[in-house]
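Source file: target-v9.pdb; contents: PDB, C-alpha atoms (C1' of nucleotides).
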MODEL        1
ATOM      1  CA  MET A   1       6.784 -18.779 -44.194
ATOM      2  CA  SER A   2       4.428 -15.799 -44.382
ATOM      3  CA  VAL A   3       1.829 -15.195 -47.051
ATOM      4  CA  ARG A   4       0.593 -18.211 -48.964
ATOM      5  CA  ASP A   5      -0.897 -18.315 -52.417
ATOM      6  CA  THR A   6      -4.218 -20.066 -51.853
ATOM      7  CA  ARG A   7      -7.182 -20.431 -54.144
ATOM      8  CA  VAL A   8      -9.394 -18.021 -52.234
ATOM      9  CA  THR A   9      -6.661 -15.415 -52.100
ATOM     10  CA  ARG A  10      -5.936 -15.780 -55.786
ATOM     11  CA  ILE A  11      -9.560 -15.497 -56.880
ATOM     12  CA  ALA A  12     -10.466 -12.676 -54.501
ATOM     13  CA  THR A  13      -7.360 -10.705 -55.395
ATOM     14  CA  GLU A  14      -8.126 -11.037 -59.095
ATOM     15  CA  ILE A  15     -11.680  -9.782 -58.563
ATOM     16  CA  LEU A  16     -10.522  -6.832 -56.483
ATOM     17  CA  ARG A  17      -7.763  -6.006 -58.908
ATOM     18  CA  THR A  18     -10.010  -5.878 -61.953
ATOM     19  CA  ASP A  19     -13.312  -4.530 -60.637
ATOM     20  CA  PRO A  20     -13.425  -0.732 -60.955
ATOM     21  CA  THR A  21     -16.094  -0.417 -58.269
ATOM     22  CA  PRO A  22     -15.417  -0.707 -54.547
ATOM     23  CA  LEU A  23     -16.939  -3.964 -53.276
ATOM     24  CA  SER A  24     -18.581  -4.790 -49.985
ATOM     25  CA  LEU A  25     -17.386  -7.958 -48.263
ATOM     26  CA  ARG A  26     -20.754  -9.481 -48.978
ATOM     27  CA  GLU A  27     -20.387  -8.777 -52.680
ATOM     28  CA  LEU A  28     -16.826  -9.996 -52.739
ATOM     29  CA  HIS A  29     -17.877 -13.175 -50.990
ATOM     30  CA  ASP A  30     -20.629 -13.756 -53.536
ATOM     31  CA  ARG A  31     -18.242 -13.183 -56.405
ATOM     32  CA  VAL A  32     -15.641 -15.540 -54.978
ATOM     33  CA  ALA A  33     -18.298 -18.153 -54.220
ATOM     34  CA  GLU A  34     -19.209 -18.244 -57.908
ATOM     35  CA  GLN A  35     -15.856 -19.858 -58.526
ATOM     36  CA  LEU A  36     -15.376 -21.543 -55.169
ATOM     37  CA  PRO A  37     -18.796 -22.251 -53.645
ATOM     38  CA  ALA A  38     -17.545 -23.574 -50.313
ATOM     39  CA  THR A  39     -15.827 -20.324 -49.398
ATOM     40  CA  ALA A  40     -16.756 -19.098 -45.928
ATOM     41  CA  PHE A  41     -17.614 -15.476 -45.269
ATOM     42  CA  SER A  42     -15.156 -15.378 -42.406
ATOM     43  CA  THR A  43     -12.385 -16.268 -44.809
ATOM     44  CA  ILE A  44     -13.238 -13.269 -46.958
ATOM     45  CA  TYR A  45     -13.427 -11.173 -43.824
ATOM     46  CA  ARG A  46      -9.960 -12.166 -42.629
ATOM     47  CA  LEU A  47      -8.568 -11.909 -46.098
ATOM     48  CA  SER A  48      -9.739  -8.314 -46.309
ATOM     49  CA  GLU A  49      -7.998  -7.605 -42.990
ATOM     50  CA  ARG A  50      -4.816  -9.070 -44.350
ATOM     51  CA  LEU A  51      -4.923  -7.310 -47.697
ATOM     52  CA  GLU A  52      -5.722  -4.008 -46.042
ATOM     53  CA  ARG A  53      -2.862  -4.483 -43.577
ATOM     54  CA  GLU A  54      -0.551  -5.251 -46.480
ATOM     55  CA  GLY A  55      -1.703  -2.117 -48.236
ATOM     56  CA  LYS A  56      -3.090  -4.043 -51.191
ATOM     57  CA  ILE A  57      -6.626  -2.745 -50.765
ATOM     58  CA  THR A  58      -8.163   0.400 -49.355
ATOM     59  CA  ARG A  59     -11.311   0.825 -47.348
ATOM     60  CA  VAL A  60     -13.979   3.176 -48.606
ATOM     61  CA  ASP A  61     -17.002   4.171 -46.540
ATOM     62  CA  TRP A  62     -20.280   5.113 -48.095
ATOM     63  CA  ARG A  63     -23.162   6.579 -46.194
ATOM     64  CA  GLU A  64     -25.824   4.102 -47.197
ATOM     65  CA  ARG A  65     -23.733   1.499 -48.918
ATOM     66  CA  GLY A  66     -21.509   0.572 -45.997
ATOM     67  CA  SER A  67     -17.834  -0.337 -45.943
ATOM     68  CA  ARG A  68     -16.254  -1.311 -49.204
ATOM     69  CA  PHE A  69     -12.816  -2.176 -50.485
ATOM     70  CA  GLU A  70     -10.982  -1.377 -53.673
ATOM     71  CA  TRP A  71      -7.618  -2.270 -55.104
ATOM     72  CA  ALA A  72      -5.044   0.180 -53.872
ATOM     73  CA  ASP A  73      -2.790   0.677 -56.856
ATOM     74  CA  ARG A  74      -4.248   4.009 -57.805
ATOM     75  CA  GLN A  75      -3.375   7.127 -55.901
ATOM     76  CA  HIS A  76      -5.616   8.960 -53.460
ATOM     77  CA  HIS A  77      -9.025   9.686 -54.957
ATOM     78  CA  HIS A  78     -12.722   9.881 -54.283
ATOM     79  CA  HIS A  79     -15.852   8.581 -55.976
ATOM     80  CA  ILE A  80     -19.088   9.664 -57.464
ATOM     81  CA  VAL A  81     -21.606   6.826 -57.535
ATOM     82  CA  CYS A  82     -24.698   6.487 -59.657
ATOM     83  CA  GLY A  83     -27.619   5.828 -57.325
ATOM     84  CA  ASP A  84     -29.443   3.892 -60.037
ATOM     85  CA  CYS A  85     -26.914   1.583 -61.637
ATOM     86  CA  GLY A  86     -24.033   1.741 -59.173
ATOM     87  CA  GLN A  87     -21.484   2.888 -61.731
ATOM     88  CA  THR A  88     -18.562   4.718 -60.191
ATOM     89  CA  VAL A  89     -16.258   7.433 -61.450
ATOM     90  CA  ASP A  90     -13.059   8.390 -59.668
ATOM     91  CA  LEU A  91     -12.264  11.988 -58.839
ATOM     92  CA  ASP A  92      -9.119  13.404 -57.368
ATOM     93  CA  ASP A  93      -8.738  16.372 -55.060
ATOM     94  CA  ASP A  94      -8.086  18.762 -57.925
ATOM     95  CA  ASP A  95     -11.244  17.694 -59.719
ATOM     96  CA  LEU A  96     -13.048  18.554 -56.514
ATOM     97  CA  GLY A  97     -11.243  21.794 -55.795
ATOM     98  CA  PHE A  98     -10.180  20.280 -52.495
ATOM     99  CA  SER A  99      -7.107  21.648 -50.793
ATOM    100  CA  GLU A 100      -5.876  20.615 -47.343
ATOM    101  CA  ARG A 101      -3.849  23.798 -47.333
ATOM    102  CA  ARG A 102      -6.889  25.988 -47.520
ATOM    103  CA  ILE A 103      -8.690  24.005 -44.815
ATOM    104  CA  GLN A 104      -5.691  24.301 -42.535
ATOM    105  CA  SER A 105      -5.365  28.044 -42.926
ATOM    106  CA  ARG A 106      -9.106  28.521 -42.593
ATOM    107  CA  THR A 107      -9.684  26.392 -39.499
ATOM    108  CA  GLY A 108      -6.324  26.090 -37.758
ATOM    109  CA  PHE A 109      -6.746  22.311 -37.901
ATOM    110  CA  SER A 110      -4.022  20.182 -39.397
ATOM    111  CA  VAL A 111      -5.722  17.747 -41.744
ATOM    112  CA  LYS A 112      -5.127  14.009 -41.350
ATOM    113  CA  HIS A 113      -7.743  12.316 -43.497
ATOM    114  CA  HIS A 114     -10.675  13.374 -45.551
ATOM    115  CA  SER A 115     -13.372  11.429 -47.269
ATOM    116  CA  ILE A 116     -15.659  12.741 -49.940
ATOM    117  CA  GLU A 117     -18.509  10.673 -51.284
ATOM    118  CA  ILE A 118     -20.873  11.945 -53.914
ATOM    119  CA  GLU A 119     -24.056  10.371 -55.122
ATOM    120  CA  GLY A 120     -25.784  11.284 -58.324
ATOM    121  CA  THR A 121     -27.133   9.891 -61.553
ATOM    122  CA  CYS A 122     -24.826   8.962 -64.393
ATOM    123  CA  ALA A 123     -25.365  10.215 -67.930
ATOM    124  CA  ASP A 124     -26.880   6.911 -69.082
ATOM    125  CA  CYS A 125     -29.391   6.699 -66.262
ATOM    126  CA  GLN A 126     -30.519  10.278 -66.741
ATOM    127  CA  ARG A 127     -32.407   9.368 -69.911
TER     128      ARG A 127
ATOM    129  CA  MET B 128     -53.662  14.256 -31.681
ATOM    130  CA  SER B 129     -50.230  13.904 -33.291
ATOM    131  CA  VAL B 130     -46.932  14.917 -31.714
ATOM    132  CA  ARG B 131     -46.890  15.183 -27.935
ATOM    133  CA  ASP B 132     -44.675  17.332 -25.832
ATOM    134  CA  THR B 133     -43.183  14.778 -23.456
ATOM    135  CA  ARG B 134     -40.308  15.130 -21.013
ATOM    136  CA  VAL B 135     -37.917  12.999 -23.034
ATOM    137  CA  THR B 136     -38.725  14.861 -26.223
ATOM    138  CA  ARG B 137     -38.294  18.228 -24.541
ATOM    139  CA  ILE B 138     -34.957  17.371 -22.933
ATOM    140  CA  ALA B 139     -33.494  15.599 -25.958
ATOM    141  CA  THR B 140     -34.577  18.355 -28.305
ATOM    142  CA  GLU B 141     -32.971  20.965 -26.103
ATOM    143  CA  ILE B 142     -29.688  19.038 -26.038
ATOM    144  CA  LEU B 143     -29.681  18.571 -29.797
ATOM    145  CA  ARG B 144     -30.613  22.184 -30.389
ATOM    146  CA  THR B 145     -27.805  23.601 -28.294
ATOM    147  CA  ASP B 146     -24.934  21.151 -28.764
ATOM    148  CA  PRO B 147     -22.687  22.255 -31.629
ATOM    149  CA  THR B 148     -21.312  18.723 -32.125
ATOM    150  CA  PRO B 149     -23.208  15.907 -33.823
ATOM    151  CA  LEU B 150     -24.179  13.335 -31.192
ATOM    152  CA  SER B 151     -24.404   9.579 -31.387
ATOM    153  CA  LEU B 152     -27.581   8.024 -30.042
ATOM    154  CA  ARG B 153     -25.547   6.569 -27.209
ATOM    155  CA  GLU B 154     -24.267   9.991 -26.257
ATOM    156  CA  LEU B 155     -27.676  11.552 -26.580
ATOM    157  CA  HIS B 156     -29.119   8.833 -24.392
ATOM    158  CA  ASP B 157     -26.461   9.445 -21.745
ATOM    159  CA  ARG B 158     -27.085  13.171 -21.799
ATOM    160  CA  VAL B 159     -30.846  12.732 -21.506
ATOM    161  CA  ALA B 160     -30.400  10.175 -18.720
ATOM    162  CA  GLU B 161     -28.556  12.774 -16.633
ATOM    163  CA  GLN B 162     -31.838  14.591 -16.309
ATOM    164  CA  LEU B 163     -34.201  11.638 -16.629
ATOM    165  CA  PRO B 164     -32.381   8.487 -15.465
ATOM    166  CA  ALA B 165     -35.135   6.021 -16.342
ATOM    167  CA  THR B 166     -35.019   6.867 -20.031
ATOM    168  CA  ALA B 167     -34.750   3.802 -22.252
ATOM    169  CA  PHE B 168     -32.379   3.658 -25.172
ATOM    170  CA  SER B 169     -35.142   2.517 -27.472
ATOM    171  CA  THR B 170     -37.026   5.692 -26.691
ATOM    172  CA  ILE B 171     -34.076   7.764 -27.857
ATOM    173  CA  TYR B 172     -33.805   5.539 -30.875
ATOM    174  CA  ARG B 173     -37.414   6.053 -31.882
ATOM    175  CA  LEU B 174     -37.273   9.720 -31.062
ATOM    176  CA  SER B 175     -34.377  10.134 -33.461
ATOM    177  CA  GLU B 176     -36.421   8.430 -36.173
ATOM    178  CA  ARG B 177     -39.258  10.811 -35.544
ATOM    179  CA  LEU B 178     -37.133  13.946 -35.430
ATOM    180  CA  GLU B 179     -35.312  12.929 -38.571
ATOM    181  CA  ARG B 180     -38.580  12.229 -40.352
ATOM    182  CA  GLU B 181     -39.849  15.631 -39.262
ATOM    183  CA  GLY B 182     -36.712  17.229 -40.607
ATOM    184  CA  LYS B 183     -35.701  18.549 -37.192
ATOM    185  CA  ILE B 184     -32.386  16.727 -37.130
ATOM    186  CA  THR B 185     -29.952  15.516 -39.760
ATOM    187  CA  ARG B 186     -27.922  12.353 -39.843
ATOM    188  CA  VAL B 187     -24.170  12.626 -40.188
ATOM    189  CA  ASP B 188     -21.940   9.627 -40.844
ATOM    190  CA  TRP B 189     -18.392   9.457 -39.728
ATOM    191  CA  ARG B 190     -15.963   6.765 -40.739
ATOM    192  CA  GLU B 191     -14.914   5.625 -37.301
ATOM    193  CA  ARG B 192     -17.345   7.513 -35.145
ATOM    194  CA  GLY B 193     -20.532   6.012 -36.502
ATOM    195  CA  SER B 194     -23.904   7.621 -37.111
ATOM    196  CA  ARG B 195     -24.606  10.909 -35.450
ATOM    197  CA  PHE B 196     -27.329  13.513 -35.427
ATOM    198  CA  GLU B 197     -27.305  17.258 -35.316
ATOM    199  CA  TRP B 198     -29.957  19.935 -35.194
ATOM    200  CA  ALA B 199     -31.049  20.816 -38.688
ATOM    201  CA  ASP B 200     -31.614  24.542 -38.527
ATOM    202  CA  ARG B 201     -28.327  25.441 -40.101
ATOM    203  CA  GLN B 202     -27.910  25.230 -43.822
ATOM    204  CA  HIS B 203     -26.029  22.549 -45.689
ATOM    205  CA  HIS B 204     -22.487  22.144 -44.356
ATOM    206  CA  HIS B 205     -19.737  19.682 -43.549
ATOM    207  CA  HIS B 206     -17.436  19.051 -40.597
ATOM    208  CA  ILE B 207     -13.843  18.846 -39.666
ATOM    209  CA  VAL B 208     -13.356  16.868 -36.467
ATOM    210  CA  CYS B 209     -10.411  16.867 -34.112
ATOM    211  CA  GLY B 210      -9.304  13.271 -33.677
ATOM    212  CA  ASP B 211      -7.989  14.011 -30.211
ATOM    213  CA  CYS B 212     -10.629  16.082 -28.458
ATOM    214  CA  GLY B 213     -13.629  15.643 -30.731
ATOM    215  CA  GLN B 214     -14.093  19.357 -31.322
ATOM    216  CA  THR B 215     -15.942  20.104 -34.544
ATOM    217  CA  VAL B 216     -15.887  23.031 -36.937
ATOM    218  CA  ASP B 217     -18.458  23.515 -39.666
ATOM    219  CA  LEU B 218     -17.423  24.191 -43.226
ATOM    220  CA  ASP B 219     -19.603  25.044 -46.189
ATOM    221  CA  ASP B 220     -19.077  24.131 -49.816
ATOM    222  CA  ASP B 221     -17.335  27.417 -50.569
ATOM    223  CA  ASP B 222     -14.858  26.893 -47.747
ATOM    224  CA  LEU B 223     -14.068  23.579 -49.368
ATOM    225  CA  GLY B 224     -13.994  24.787 -52.942
ATOM    226  CA  PHE B 225     -16.742  22.326 -53.689
ATOM    227  CA  SER B 226     -18.976  22.921 -56.683
ATOM    228  CA  GLU B 227     -21.657  20.517 -57.895
ATOM    229  CA  ARG B 228     -21.569  22.415 -61.173
ATOM    230  CA  ARG B 229     -17.993  21.493 -61.834
ATOM    231  CA  ILE B 230     -18.558  17.844 -60.908
ATOM    232  CA  GLN B 231     -21.514  17.675 -63.236
ATOM    233  CA  SER B 232     -19.651  19.106 -66.198
ATOM    234  CA  ARG B 233     -16.625  16.977 -65.481
ATOM    235  CA  THR B 234     -18.371  13.629 -65.049
ATOM    236  CA  GLY B 235     -21.713  13.930 -66.798
ATOM    237  CA  PHE B 236     -23.350  12.851 -63.532
ATOM    238  CA  SER B 237     -26.085  14.983 -62.042
ATOM    239  CA  VAL B 238     -25.260  15.369 -58.348
ATOM    240  CA  LYS B 239     -27.843  14.425 -55.722
ATOM    241  CA  HIS B 240     -25.982  14.355 -52.421
ATOM    242  CA  HIS B 241     -22.451  14.707 -51.285
ATOM    243  CA  SER B 242     -20.831  14.195 -47.949
ATOM    244  CA  ILE B 243     -17.434  15.427 -46.914
ATOM    245  CA  GLU B 244     -15.890  14.455 -43.620
ATOM    246  CA  ILE B 245     -12.472  15.613 -42.577
ATOM    247  CA  GLU B 246     -10.402  14.512 -39.635
ATOM    248  CA  GLY B 247      -7.482  16.410 -38.252
ATOM    249  CA  THR B 248      -6.077  17.970 -35.138
ATOM    250  CA  CYS B 249      -7.380  21.249 -33.824
ATOM    251  CA  ALA B 250      -5.080  24.140 -32.996
ATOM    252  CA  ASP B 251      -5.271  23.450 -29.234
ATOM    253  CA  CYS B 252      -4.394  19.774 -29.537
ATOM    254  CA  GLN B 253      -1.441  20.458 -31.825
ATOM    255  CA  ARG B 254       0.607  21.825 -28.931
TER     256      ARG B 254
ATOM    257  C1'  DC C 255       7.642 -36.887 -49.382
ATOM    258  C1'  DT C 256       7.414 -34.739 -44.738
ATOM    259  C1'  DC C 257       6.100 -31.385 -41.600
ATOM    260  C1'  DG C 258       5.134 -26.781 -39.599
ATOM    261  C1'  DT C 259       1.838 -23.386 -39.973
ATOM    262  C1'  DA C 260      -0.877 -19.953 -42.817
ATOM    263  C1'  DA C 261      -5.495 -20.157 -44.279
ATOM    264  C1'  DC C 262      -9.783 -22.324 -44.238
ATOM    265  C1'  DG C 263     -14.817 -23.643 -42.880
ATOM    266  C1'  DC C 264     -17.993 -23.815 -39.328
ATOM    267  C1'  DA C 265     -20.302 -22.420 -35.514
ATOM    268  C1'  DA C 266     -20.616 -19.567 -31.726
ATOM    269  C1'  DG C 267     -20.056 -14.868 -29.651
ATOM    270  C1'  DC C 268     -20.806  -9.883 -29.630
ATOM    271  C1'  DA C 269     -22.343  -5.348 -30.031
ATOM    272  C1'  DA C 270     -25.285  -2.228 -32.215
ATOM    273  C1'  DT C 271     -29.830  -1.802 -33.956
ATOM    274  C1'  DT C 272     -34.659  -2.660 -34.353
ATOM    275  C1'  DT C 273     -39.073  -4.357 -32.946
ATOM    276  C1'  DG C 274     -43.206  -6.225 -30.055
ATOM    277  C1'  DC C 275     -46.045  -5.284 -26.404
ATOM    278  C1'  DG C 276     -48.187  -3.964 -22.245
ATOM    279  C1'  DA C 277     -47.862   0.264 -19.178
ATOM    280  C1'  DT C 278     -47.771   5.363 -18.742
ATOM    281  C1'  DA C 279     -49.001   9.965 -19.189
ATOM    282  C1'  DG C 280     -49.913  14.092 -22.547
ATOM    283  C1'  DG C 281     -53.775  16.864 -23.674
ATOM    284  C1'  DA C 282     -58.472  17.336 -26.162
ATOM    285  C1'  DG C 283     -63.128  17.494 -24.858
ATOM    286  C1'  DC C 284     -66.615  17.661 -21.380
TER     287       DC C 284
ATOM    288  C1'  DG D 285     -60.663  19.067 -12.732
ATOM    289  C1'  DC D 286     -61.831  14.422 -14.609
ATOM    290  C1'  DT D 287     -62.146  11.020 -18.704
ATOM    291  C1'  DC D 288     -60.537   8.711 -22.311
ATOM    292  C1'  DC D 289     -57.846   7.986 -26.539
ATOM    293  C1'  DT D 290     -53.512   7.037 -28.083
ATOM    294  C1'  DA D 291     -48.699   8.867 -28.732
ATOM    295  C1'  DT D 292     -44.756   7.634 -26.118
ATOM    296  C1'  DC D 293     -42.400   5.115 -22.932
ATOM    297  C1'  DG D 294     -39.661   1.152 -20.665
ATOM    298  C1'  DC D 295     -38.371  -3.453 -20.922
ATOM    299  C1'  DA D 296     -37.093  -7.500 -22.970
ATOM    300  C1'  DA D 297     -36.493 -10.119 -26.894
ATOM    301  C1'  DA D 298     -35.187 -10.441 -31.859
ATOM    302  C1'  DT D 299     -32.290  -9.110 -35.788
ATOM    303  C1'  DT D 300     -28.317  -8.020 -38.189
ATOM    304  C1'  DG D 301     -23.687  -7.426 -39.333
ATOM    305  C1'  DC D 302     -19.278  -8.095 -37.737
ATOM    306  C1'  DT D 303     -15.664 -10.837 -35.065
ATOM    307  C1'  DT D 304     -13.496 -14.602 -33.024
ATOM    308  C1'  DG D 305     -12.295 -19.536 -31.376
ATOM    309  C1'  DC D 306     -11.056 -23.851 -32.807
ATOM    310  C1'  DG D 307     -10.179 -28.047 -35.088
ATOM    311  C1'  DT D 308      -9.049 -29.186 -40.132
ATOM    312  C1'  DT D 309      -6.910 -28.509 -44.650
ATOM    313  C1'  DA D 310      -3.465 -27.780 -47.899
ATOM    314  C1'  DC D 311       0.574 -24.582 -49.232
ATOM    315  C1'  DG D 312       5.354 -24.833 -49.951
ATOM    316  C1'  DA D 313      10.163 -24.877 -47.600
ATOM    317  C1'  DG D 314      13.438 -28.293 -46.744
TER     318       DG D 314
ENDMDL
END

Would you mind writing the file out in structure tokens?
Amino acid sequence: MSVRDTRVTRIATEILRTDPTPLSLRELHDRVAEQLPATAFSTIYRLSERLEREGKITRVDWRERGSRFEWADRQHHHHIVCGDCGQTVDLDDDDLGFSERRIQSRTGFSVKHHSIEIEGTCADCQR
Amino acid sequence: MSVRDTRVTRIATEILRTDPTPLSLRELHDRVAEQLPATAFSTIYRLSERLEREGKITRVDWRERGSRFEWADRQHHHHIVCGDCGQTVDLDDDDLGFSERRIQSRTGFSVKHHSIEIEGTCADCQR
DNA sequence: CTCGTAACGCAAGCAATTTGCGATAGGAGC
DNA sequence: GCTCCTATCGCAAATTGCTTGCGTTACGAG
């Protein structure tokens, strides 16, 4: 039968699809529980495993802020996070001047993955 | 009286100072225990807190490989890690084409920290 | 409407950290 | 040296966050 369309899945998917900021499982659970209070954390946990396996969401790791997930429709990118308000802006490798090519020729390593996380203060919070 | 020069501190410091690869607390504990078998993990744990507070060591976070510490005498840099053998090579912002300036002008964010972790395969392990 | 099973909720299990506390041992002062 | 104060240590227990086992619920194919 494979994947079923349940209430938790529907609500969680909608939240992940529309929220521009990567969410921790705890946050996602809270958000889902607003609409479906009885939802268990373990359900959210297993759902995230499933969605990640299916390629629907991507895992993002932040130093202090732990593991988070975001909807995976956009292409490869990184984030800059505002330490005050949590706002996030996406950046791609070109924005960052990042080039696997250059790393490879400079180190002899072939590059598999890279993760770049930047923390700062957004324009609004600077005032 | 302040900081004491104890055996654990001396041995652990020496290991951290000379090892070119960031170490997990578990690894550091193992290495210290080779020379001082009775050493407790909690001692290593608290020592790392102290050394980090004193600015002697820096915390490095790796996706899969967890929290690690390295001696902090070198200037700001990042790492590329071989997924097979664990070998590490340091890279600075110029190597990576990274410029806080550019990020700031492109996003309006002022940049506080950034962390870049790259995983790949070193030249040796590619054969 | 029936029935097999994907998903669920709950509670327990783990592993990695952190913390409390009495014992030990640097090292300052005599 | 020898004393004494207290930074550190070792051990065991407590947290915390993440996983997993299991009986129950509720999709949705037939």

For this session: Using only C-alpha atoms (C1' of nucleotides), find the residues of chain D whose closest atom to chain B is at most 10 Å away, then write them as number ranges by chain.
Result: D: 289-295

Exercise. Skipping near chain neighbours, those fewer than 5 positions away, what residues fall within 12 Å of A:Gly66 using all atoms listed in the file, listed as a list in words?
Worked result: Pro22, Leu23, Ser24, Leu25, Arg26, Glu27, Arg59, Val60, Asp61 and Glu117 of chain A; Asp188, Trp189, Arg190, Gly193 and Ser194 of chain B; DG301 of chain D

Could the residues in this selection be saved with C-alpha atoms (C1' of nucleotides) as an mmCIF file, keeping the file's coordinate frame?
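Wrote out_9.cif, looks like this:
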data_model
loop_
_atom_site.group_PDB
_atom_site.id
_atom_site.type_symbol
_atom_site.label_atom_id
_atom_site.label_comp_id
_atom_site.auth_asym_id
_atom_site.auth_seq_id
_atom_site.Cartn_x
_atom_site.Cartn_y
_atom_site.Cartn_z
ATOM 1 C CA PRO A 22 -15.417 -0.707 -54.547
ATOM 2 C CA LEU A 23 -16.939 -3.964 -53.276
ATOM 3 C CA SER A 24 -18.581 -4.790 -49.985
ATOM 4 C CA LEU A 25 -17.386 -7.958 -48.263
ATOM 5 C CA ARG A 26 -20.754 -9.481 -48.978
ATOM 6 C CA GLU A 27 -20.387 -8.777 -52.680
ATOM 7 C CA ARG A 59 -11.311 0.825 -47.348
ATOM 8 C CA VAL A 60 -13.979 3.176 -48.606
ATOM 9 C CA ASP A 61 -17.002 4.171 -46.540
ATOM 10 C CA GLU A 117 -18.509 10.673 -51.284
ATOM 11 C CA ASP B 188 -21.940 9.627 -40.844
ATOM 12 C CA TRP B 189 -18.392 9.457 -39.728
ATOM 13 C CA ARG B 190 -15.963 6.765 -40.739
ATOM 14 C CA GLY B 193 -20.532 6.012 -36.502
ATOM 15 C CA SER B 194 -23.904 7.621 -37.111
ATOM 16 C "C1'" DG D 301 -23.687 -7.426 -39.333
#

For this session: Can you check which residues of chain B have any atom within 9 Å of chain A? Use all atoms listed in the file and format it as a PyMOL selection string.
Result: chain B and resi 187-190+207-210+216+218+222-227+229-230+233-251+253

Exercise. Quick one, how far is atom CA of A:Ala12 from atom C1' of D:DC302?
Worked result: 19.5 Å

For this session: Could you please determine the separation between atom CA of B:Asp157 and atom C1' of C:DG276 in Å, to one decimal place?
Result: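 Atom C1' of C:DG276 lies at a distance of 25.5 Å from atom CA of B:Asp157.
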
For this session: Kindly give the distance, in Å, that separates atom CA of A:His77 and atom CA of A:Arg53, rounded to a single decimal.
Result: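 Result for atom CA of A:His77 versus atom CA of A:Arg53: 19.2 Å, one decimal.
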
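Applied to the file shown here, the PyMOL selection byres ((chain C) within 12 of (chain B)) selects DA270, DT271, DT272, DT273, DT278, DA279, DG280, DG281 and DA282 of chain C.
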
Could you work out an axis-aligned box for stretch 259-268 of chain C, taking every atom the file lists and adding 4 Å on each side, and report centre and edge lengths in Å to one decimal, as JSON?
{"center_x": -9.5, "center_y": -16.8, "center_z": -37.0, "size_x": 30.6, "size_y": 21.9, "size_z": 22.6}

I need stretch 206-220 of chain B written out with N, CA and C atoms, as a PDB file, in the first residue's frame; please produce it.
ATOM      1  N   HIS B 206      37.978  23.251   8.137  1.00  0.00           N
ATOM      2  CA  HIS B 206      38.565  21.937   7.888  1.00  0.00           C
ATOM      3  C   HIS B 206      37.921  21.218   6.726  1.00  0.00           C
ATOM      4  N   ILE B 207      38.739  20.426   6.062  1.00  0.00           N
ATOM      5  CA  ILE B 207      38.173  19.436   5.166  1.00  0.00           C
ATOM      6  C   ILE B 207      38.628  18.098   5.724  1.00  0.00           C
ATOM      7  N   VAL B 208      37.680  17.189   5.900  1.00  0.00           N
ATOM      8  CA  VAL B 208      37.947  15.912   6.551  1.00  0.00           C
ATOM      9  C   VAL B 208      37.781  14.774   5.556  1.00  0.00           C
ATOM     10  N   CYS B 209      38.684  13.819   5.626  1.00  0.00           N
ATOM     11  CA  CYS B 209      38.542  12.634   4.785  1.00  0.00           C
ATOM     12  C   CYS B 209      37.558  11.684   5.452  1.00  0.00           C
ATOM     13  N   GLY B 210      36.498  11.347   4.764  1.00  0.00           N
ATOM     14  CA  GLY B 210      35.476  10.478   5.326  1.00  0.00           C
ATOM     15  C   GLY B 210      35.968   9.066   5.566  1.00  0.00           C
ATOM     16  N   ASP B 211      37.031   8.678   4.897  1.00  0.00           N
ATOM     17  CA  ASP B 211      37.546   7.326   5.059  1.00  0.00           C
ATOM     18  C   ASP B 211      38.550   7.211   6.198  1.00  0.00           C
ATOM     19  N   CYS B 212      39.594   8.038   6.146  1.00  0.00           N
ATOM     20  CA  CYS B 212      40.657   7.881   7.143  1.00  0.00           C
ATOM     21  C   CYS B 212      40.643   8.937   8.236  1.00  0.00           C
ATOM     22  N   GLY B 213      39.817   9.969   8.081  1.00  0.00           N
ATOM     23  CA  GLY B 213      39.737  10.961   9.149  1.00  0.00           C
ATOM     24  C   GLY B 213      40.786  12.067   9.068  1.00  0.00           C
ATOM     25  N   GLN B 214      41.680  11.951   8.101  1.00  0.00           N
ATOM     26  CA  GLN B 214      42.708  12.986   7.956  1.00  0.00           C
ATOM     27  C   GLN B 214      42.054  14.356   7.734  1.00  0.00           C
ATOM     28  N   THR B 215      42.685  15.375   8.271  1.00  0.00           N
ATOM     29  CA  THR B 215      42.126  16.721   8.205  1.00  0.00           C
ATOM     30  C   THR B 215      43.109  17.704   7.581  1.00  0.00           C
ATOM     31  N   VAL B 216      42.609  18.603   6.775  1.00  0.00           N
ATOM     32  CA  VAL B 216      43.453  19.680   6.262  1.00  0.00           C
ATOM     33  C   VAL B 216      42.781  20.998   6.593  1.00  0.00           C
ATOM     34  N   ASP B 217      43.581  21.953   7.049  1.00  0.00           N
ATOM     35  CA  ASP B 217      43.020  23.260   7.398  1.00  0.00           C
ATOM     36  C   ASP B 217      42.903  24.144   6.162  1.00  0.00           C
ATOM     37  N   LEU B 218      41.882  24.968   6.172  1.00  0.00           N
ATOM     38  CA  LEU B 218      41.676  25.899   5.068  1.00  0.00           C
ATOM     39  C   LEU B 218      41.286  27.248   5.664  1.00  0.00           C
ATOM     40  N   ASP B 219      41.814  28.325   5.129  1.00  0.00           N
ATOM     41  CA  ASP B 219      41.372  29.618   5.651  1.00  0.00           C
ATOM     42  C   ASP B 219      40.346  30.235   4.710  1.00  0.00           C
ATOM     43  N   ASP B 220      39.813  31.372   5.113  1.00  0.00           N
ATOM     44  CA  ASP B 220      38.732  31.979   4.337  1.00  0.00           C
ATOM     45  C   ASP B 220      39.145  32.266   2.897  1.00  0.00           C
TER      46      ASP B 220
END
